[in-house]
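Right, one structure below, let's go through it.
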Amino acid sequence: MGPLQRFSLIHLLLILCGAVSVLADDAVEPAIGATRIARWHDDRTAAFLLMFDDSWPSHFQVAVPELVKRDMTATFYINPGKGEYKAHKNEWEDRVWKAGMAYGNHTMTHKGVADYDDADREIGQCTAAILDTVPGKKPRLMSWAKPGVPKGKWNITQAQLDSLLQKYHLIDRPTFRDHGAVYHLKTPEDMLKLADKAIAGGEMEYIVIHGVERRAPMNTNYQDFWPLDQDILRALLDGLAKRRDRGDLWITDHIRYHQYRTERDAAKVQVVSADDHAIRLKLTCTADPQFYDQPLTLITRVPGGWKIGQVTQGKHTQQCEVRDGVVRFNATPSIDLITIQRH
Ligand SMILES: [Zn+2]
């Protein structure tokens, strides 16, 4: 090999390296319009659910005001035929849900079911009461929590229960096991450990609460079942708010969580067109839109130099700040295309 040939070979290698590096640059630079569906609403790292069982008065007396103060929601598993509910019907019918709280079905009376027909009444009437109280679609998905009842008081099979859950569009919540405040989880640290576990795995965690401690000037002659110390409740909520405010947690109710997760897994986003002026996307989902109609959060790469993207879908328009070259917005799976333009 002469000097000239050697030079040529090195030269060729250099050219090849250059070509490879150009290819690699192309591969890491995401294309304009490239879109991903966020794992959780608003691109939070994890989801967290608070659940309150059995319609105890301390829920609206203590828990709801503490939640509202922190702009948080929770799911309240109510029993519209139970004494504590009936004694404070107005609170449940006119106030708690209006404060942004969700209701779940925990049967009418919490006394168990004698047979299938009794179960149909216990479950069906509770669903009807919630649909009548809280405005919205009829039918719609609702969270279900099977009440804990003494042995011998739950006289239907799992298959019979499943058929009733289907009949009334009820979604079974995750199990009480290892997630009960007071019963399993004693300290705010115990509880917040669950939140940190959810964040570490990008998953969902939850806590089930029964009573909450009442303090003077409220009537303290009696406390509700398994009352959670108020200081512990406040420390828990503050810890959750801190994690939410730094972008880690989506604190929501059981059905919104279930809908988001179902839709996310069944949705597809397609770039219809993308250039320096406009991006058009199509977001479709195979889940039944009658029951799965929550918006999903999308993150889309926009052309360099854009400061604000204007996102339009159907009649709905929103302005989104461009951060790190992307816009983040909420859109509902639909036949309406999503258009993103420079604003
Ligand atoms: Zn219960």
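Residues in the structure tokens are numbered from 1 in each chain, the chains being A, B, ... in the order shown, and ligands are numbered from 1 in the order shown.
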
How would you write, as a VMD selection string, the set of residues in segment 35-170 of chain A that DSSP gives as strand (DSSP E)?
chain A and resid 35 to 37 46 to 53 75 to 78 102 to 105 142 to 144 170

May I ask you to write as a PyMOL selection string all residues lying at most 6 Å from ligand 1, with only C-alpha atoms and all ligand atoms counted?
chain A and resi 53-54+147-148

Would you write out those residues with C-alpha atoms, as an mmCIF file, in the first residue's frame?
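Written file, out_31.cif:
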```cif
data_model
loop_
_atom_site.group_PDB
_atom_site.id
_atom_site.type_symbol
_atom_site.label_atom_id
_atom_site.label_comp_id
_atom_site.auth_asym_id
_atom_site.auth_seq_id
_atom_site.Cartn_x
_atom_site.Cartn_y
_atom_site.Cartn_z
ATOM 1 C CA ASP A 53 -65.319 4.673 53.869
ATOM 2 C CA ASP A 54 -68.759 4.393 55.491
ATOM 3 C CA PRO A 147 -68.211 -3.443 52.638
ATOM 4 C CA GLY A 148 -66.539 -5.475 55.362
#
```

Can you pull out every residue from segment 43-164 of chain A that DSSP, working from the backbone, puts in alpha helix (DSSP H), and format the result as a VMD selection string?
chain A and resid 57 to 58 64 to 69 83 to 87 89 to 90 116 to 133 158 to 164

Using only C-alpha atoms, pick whichever of A:His179, A:Arg36, A:Arg95, A:His41 has the shortest atom-to-atom distance to Lys268 of chain A.
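Using only C-alpha atoms, Lys268 of chain A sits closest to A:Arg36.
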
For Ile232 of chain A, the nearest of the candidates A:Ala74, A:Val302, A:Met218, A:Ala63, counting only C-alpha atoms
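Using only C-alpha atoms, Ile232 of chain A sits closest to A:Ala63.
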
For a quick check of understanding, using only C-alpha atoms, which of A:Gly325, A:Pro188, A:Pro217, A:Pro303 has the smallest distance to Ala235 of chain A?
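Answer, going by the shortest atom-to-atom distance: A:Pro188.
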
Find the spatial neighbours of Gly202 of chain A, counting only C-alpha atoms, within a cut-off of 6 Å - ignore same-chain residues fewer than 4 positions away - and output them as a list in words.
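Residues near the query, excluding close chain neighbours: Thr45, Ala46 and Ala198 of chain A.
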
I'd like to know which of A:Glu321, A:Asp293, A:Asp172, A:Glu205 is closest to Arg140 of chain A, using only C-alpha atoms.
A:Asp293

Distance atom CA of Ser55 of chain A-atom CA of Tyr77 of chain A, one decimal place?
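Interatomic distance here is 6.7 Å.
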